[in-house]
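Student: Just dropping this structure here.
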Amino acid sequence: MPGLLREMDAAGISQALVIQLFFAPSEAAALREGRDVHAESAGRLLPIGTIDPTRGDGDFAEALGLLEREPGLHGIKLYPGYRSFYPSDRRLDPVYELAQRRRVPVLVHQGDTLDGLGLLKFARPIELDEVAGRFRQVRFVLCHLGNPWIDEAVEVVYKNPNVYADTSGLLGAPASPYYDRAFSNARAQVEQAIVTSALPERFLFGSDWPLGALGPAVSLVKELGIEAKDRRAILEENSRALFRLDE
């Protein structure tokens with residue numbers, strides 16, 4: 001954690017979301033870790049819970065109760081693709097109802113999976129469209145801009161006023177072949193997404209740390225060919241509003 005905080009300081013990041021991994025040993029252990037990290041970082045690292053509807057009714061109900069009672073919950077992350085379920089799976093309705101009651105966003109992994117055993121059919125951005133329509137009061141974050149289905153992700157954001165997208169996970173390691181060209185391509189894709197949707201207020205900065213360094217992820221947004229006020233909003237203001245960080 002000290003290394004992350006130093007990297008945040010160097011990149012000019014005041015706060016960050018700490019997202020539980022789908023393979024955490026248990027939701028209870030992961031939530032405890034989130035509370036510990038939040039305390040040890042003096043409130044700079046904010047916990048995001050997760051839940052897996054494929055674990056069975058008993059485990060799912062227990063995890064749902066833990067999320068309901070977690071006082072510092074800032075959001076819920078779902079991992080379709082890594083786990084075999086669609087975001088519109090009716091088993092998840094209690095999760096969306098909880099998110100509505102707690103007024104926390106639901107972050108949904110969309111696009112490529114690092115795990116070769118993941119199934120991409122569950123991780124297409126279009127799969128978020130149905131549930132976003134059924135739960136209009138819930139705010140959804142379409143993670144990784146649905147890469148490689150970025151055009152599809154932009155349409156889901158454009159169509160649904162309660163759907164946001166983040167810029168996380170779009171960059172490889174700086175030492176990877178053709179990194180400079182890949183960075184330029186990612187910047188052009190994000191810029192086109194914002195211009196096409198004309199909704200800069202619904203795009204959020206993200207890094208996917210530790211898979212990617214914070215500095216290049218910030219540069220990706222700072223170098224976008226859009227208005228300075230929109231770059232500032234994507235880097236900070238949109239997230240502060242969505243996650244109610246000033247309350």
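Ligands are numbered from 1 in the order shown, chains are lettered A, B, ... in the order of the structure tokens, and residues start at 1 in each chain.
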Would you give me, as a PyMOL selection string, the residues in region 51-222 of chain A that DSSP reads as alpha helix (DSSP H)?

Tutor: chain A and resi 57-69+93-102+129-134+150-159+179-197+214-222

Student: Do a neighbour search on region 102-116 of chain A at 7 Å with only C-alpha atoms, toss out local chain neighbours closer than 3 positions, and write the hits as a VMD selection string.

Tutor: chain A and resid 74 to 82 98 to 99 120 123 to 125 138 to 144 146 to 149 243

Student: So that I have them on file, write out the residues from the current selection with C-alpha atoms, as a PDB file, in the first residue's frame.

Tutor:
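Now in out-v3.pdb:
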```
ATOM      1  CA  HIS A  74     -18.717   2.973  -2.121  1.00  0.00           C
ATOM      2  CA  GLY A  75     -19.839   0.633  -4.898  1.00  0.00           C
ATOM      3  CA  ILE A  76     -20.272  -2.960  -6.057  1.00  0.00           C
ATOM      4  CA  LYS A  77     -18.172  -4.641  -8.761  1.00  0.00           C
ATOM      5  CA  LEU A  78     -19.475  -7.502 -10.908  1.00  0.00           C
ATOM      6  CA  TYR A  79     -17.305  -9.796 -13.037  1.00  0.00           C
ATOM      7  CA  PRO A  80     -19.306 -11.283 -15.919  1.00  0.00           C
ATOM      8  CA  GLY A  81     -16.842 -12.891 -18.294  1.00  0.00           C
ATOM      9  CA  TYR A  82     -14.700 -14.146 -15.444  1.00  0.00           C
ATOM     10  CA  LEU A  98     -29.432  -2.913  -2.773  1.00  0.00           C
ATOM     11  CA  ALA A  99     -27.391  -0.506  -4.905  1.00  0.00           C
ATOM     12  CA  LEU A 120     -16.335 -13.194 -23.630  1.00  0.00           C
ATOM     13  CA  ALA A 123     -18.718  -9.512 -21.171  1.00  0.00           C
ATOM     14  CA  ARG A 124     -20.105  -7.699 -24.219  1.00  0.00           C
ATOM     15  CA  PRO A 125     -21.187  -4.109 -23.449  1.00  0.00           C
ATOM     16  CA  VAL A 138     -29.113   2.536 -10.480  1.00  0.00           C
ATOM     17  CA  ARG A 139     -25.929   4.063 -11.873  1.00  0.00           C
ATOM     18  CA  PHE A 140     -23.772   1.593 -13.785  1.00  0.00           C
ATOM     19  CA  VAL A 141     -20.112   1.936 -14.734  1.00  0.00           C
ATOM     20  CA  LEU A 142     -19.124   0.083 -17.892  1.00  0.00           C
ATOM     21  CA  CYS A 143     -15.505  -0.759 -17.079  1.00  0.00           C
ATOM     22  CA  HIS A 144     -12.593  -0.656 -19.532  1.00  0.00           C
ATOM     23  CA  GLY A 146     -15.778  -2.464 -23.138  1.00  0.00           C
ATOM     24  CA  ASN A 147     -12.448  -2.867 -24.952  1.00  0.00           C
ATOM     25  CA  PRO A 148     -12.308  -4.133 -27.706  1.00  0.00           C
ATOM     26  CA  TRP A 149     -16.026  -3.389 -28.237  1.00  0.00           C
ATOM     27  CA  PHE A 243     -19.368   8.191  -5.874  1.00  0.00           C
TER      28      PHE A 243
END
```

Student: Name the residues of region 1-193 of chain A that come out as strand (DSSP E) in a backbone DSSP run; write them as a list of chain:residue names.

Tutor: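 Here are the strand (DSSP E) residues of region 1-193 of chain A: A:Ala16, A:Leu17, A:Val18, A:Ile19, A:Leu45, A:Leu46, A:Pro47, A:Ile48, A:Gly49, A:Thr50, A:Ile76, A:Lys77, A:Leu78, A:Val106, A:Leu107, A:Val108, A:Phe140, A:Val141, A:Leu142, A:Val163, A:Tyr164, A:Ala165, A:Asp166.
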
Student: With a cut-off of 9 Å, could you pull out the residues of region 91-182 of chain A touching region 186-207 of chain A and give me the nearest pair of atoms for each, distance in Å to one decimal, using only C-alpha atoms, ordered by chain and ascending number, as a tab-separated table?

Tutor:
```
residue	atom	partner	partner_atom	distance
A:Val141	CA	A:Leu204	CA	8.7
A:Cys143	CA	A:Gly206	CA	8.5
A:His144	CA	A:Gly206	CA	8.0
A:Leu145	CA	A:Val190	CA	8.2
A:Ile150	CA	A:Ala193	CA	7.6
A:Asp151	CA	A:Ala193	CA	7.3
A:Ala153	CA	A:Ala193	CA	8.7
A:Val154	CA	A:Ala193	CA	6.0
A:Glu155	CA	A:Ser197	CA	7.6
A:Val157	CA	A:Ser197	CA	7.7
A:Tyr158	CA	A:Ser197	CA	5.6
A:Pro161	CA	A:Arg202	CA	8.7
A:Asn162	CA	A:Arg202	CA	8.8
A:Val163	CA	A:Arg202	CA	7.4
A:Tyr164	CA	A:Arg202	CA	4.8
A:Ala165	CA	A:Phe203	CA	5.1
A:Asp166	CA	A:Leu204	CA	4.5
A:Thr167	CA	A:Gly206	CA	5.0
A:Ser168	CA	A:Gly206	CA	4.0
A:Gly169	CA	A:Ser207	CA	6.1
A:Leu170	CA	A:Ala186	CA	6.4
A:Leu171	CA	A:Ala186	CA	7.1
A:Arg181	CA	A:Ala186	CA	8.6
A:Ala182	CA	A:Ala186	CA	6.1
```

Student: For a quick check of understanding, using only C-alpha atoms, which of A:Asp180, A:Asp93, A:Glu237, A:Asp230 has the smallest distance to Pro216 (chain A)?

Tutor: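 Of A:Asp180, A:Asp93, A:Glu237, A:Asp230, the one nearest Pro216 (chain A), counting only C-alpha atoms, is A:Asp180.
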
Student: Write out as a ChimeraX atom specification the residues lying within 10 Å of region 51-62 of chain A, counting only C-alpha atoms and excluding same-chain residues fewer than 5 positions away.

Tutor: /A:20-23,26-28,67-68,76-80,83-85,89-92,94-95

Student: Export, as a short mmCIF file (atom, residue, chain, number, x, y, z; two decimals), in the first residue's frame, the selected residues with C-alpha atoms.

Tutor:
```
data_model
loop_
_atom_site.label_atom_id
_atom_site.label_comp_id
_atom_site.auth_asym_id
_atom_site.auth_seq_id
_atom_site.Cartn_x
_atom_site.Cartn_y
_atom_site.Cartn_z
CA GLN A 20 -12.22 -6.53 -4.58
CA LEU A 21 -11.13 -9.33 -6.90
CA PHE A 22 -13.61 -11.97 -7.95
CA PHE A 23 -11.39 -14.73 -6.53
CA SER A 26 -14.62 -14.78 0.93
CA GLU A 27 -16.66 -11.59 0.77
CA ALA A 28 -16.25 -11.17 4.53
CA LEU A 67 -22.82 -5.75 1.50
CA GLU A 68 -26.07 -4.44 2.91
CA ILE A 76 -20.27 -2.96 -6.06
CA LYS A 77 -18.17 -4.64 -8.76
CA LEU A 78 -19.48 -7.50 -10.91
CA TYR A 79 -17.31 -9.80 -13.04
CA PRO A 80 -19.31 -11.28 -15.92
CA ARG A 83 -17.79 -15.73 -13.91
CA SER A 84 -20.43 -17.21 -16.22
CA PHE A 85 -23.37 -14.86 -15.85
CA ASP A 89 -29.31 -12.31 -14.84
CA ARG A 90 -32.40 -12.10 -12.62
CA ARG A 91 -30.40 -13.56 -9.73
CA LEU A 92 -28.69 -10.16 -9.56
CA PRO A 94 -31.40 -8.05 -5.27
CA VAL A 95 -27.91 -6.60 -5.87
#
```

Student: List the neighbours of Asp9 (chain A) out to 12 Å using only C-alpha atoms; skip same-chain residues closer than 6 positions along the sequence, and give me the result as a PyMOL selection string.

Tutor: chain A and resi 2-3+15-16+44+214-215

Student: Next, write the just-selected residues to a file, as a PDB file, in the first residue's frame, keeping C-alpha atoms as the atom set.

Tutor:
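Generated file (out-v8.pdb):
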```pdb
ATOM      1  CA  PRO A   2       2.740   2.591   0.678  1.00  0.00           C
ATOM      2  CA  GLY A   3       3.952   2.071  -2.894  1.00  0.00           C
ATOM      3  CA  GLN A  15      -8.245   9.293  -3.747  1.00  0.00           C
ATOM      4  CA  ALA A  16      -8.769   5.936  -5.439  1.00  0.00           C
ATOM      5  CA  ARG A  44      -7.637   7.907   0.513  1.00  0.00           C
ATOM      6  CA  LEU A 214      -0.907   5.378 -12.786  1.00  0.00           C
ATOM      7  CA  GLY A 215       1.207   7.950 -14.640  1.00  0.00           C
TER       8      GLY A 215
END
```

Student: Would you work out the distance separating CA of Leu128 (chain A) from CA of Ser88 (chain A), expressed in Å to one decimal?

Tutor: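 Answer for the CA of Leu128 (chain A) to CA of Ser88 (chain A) separation: 6.8 Å.
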
Student: Hey, which of A:Ala213, A:Ser239, A:Ala228, A:Val221 ends up closest to Glu7 (chain A)? Count only C-alpha atoms.

Tutor: A:Ala213
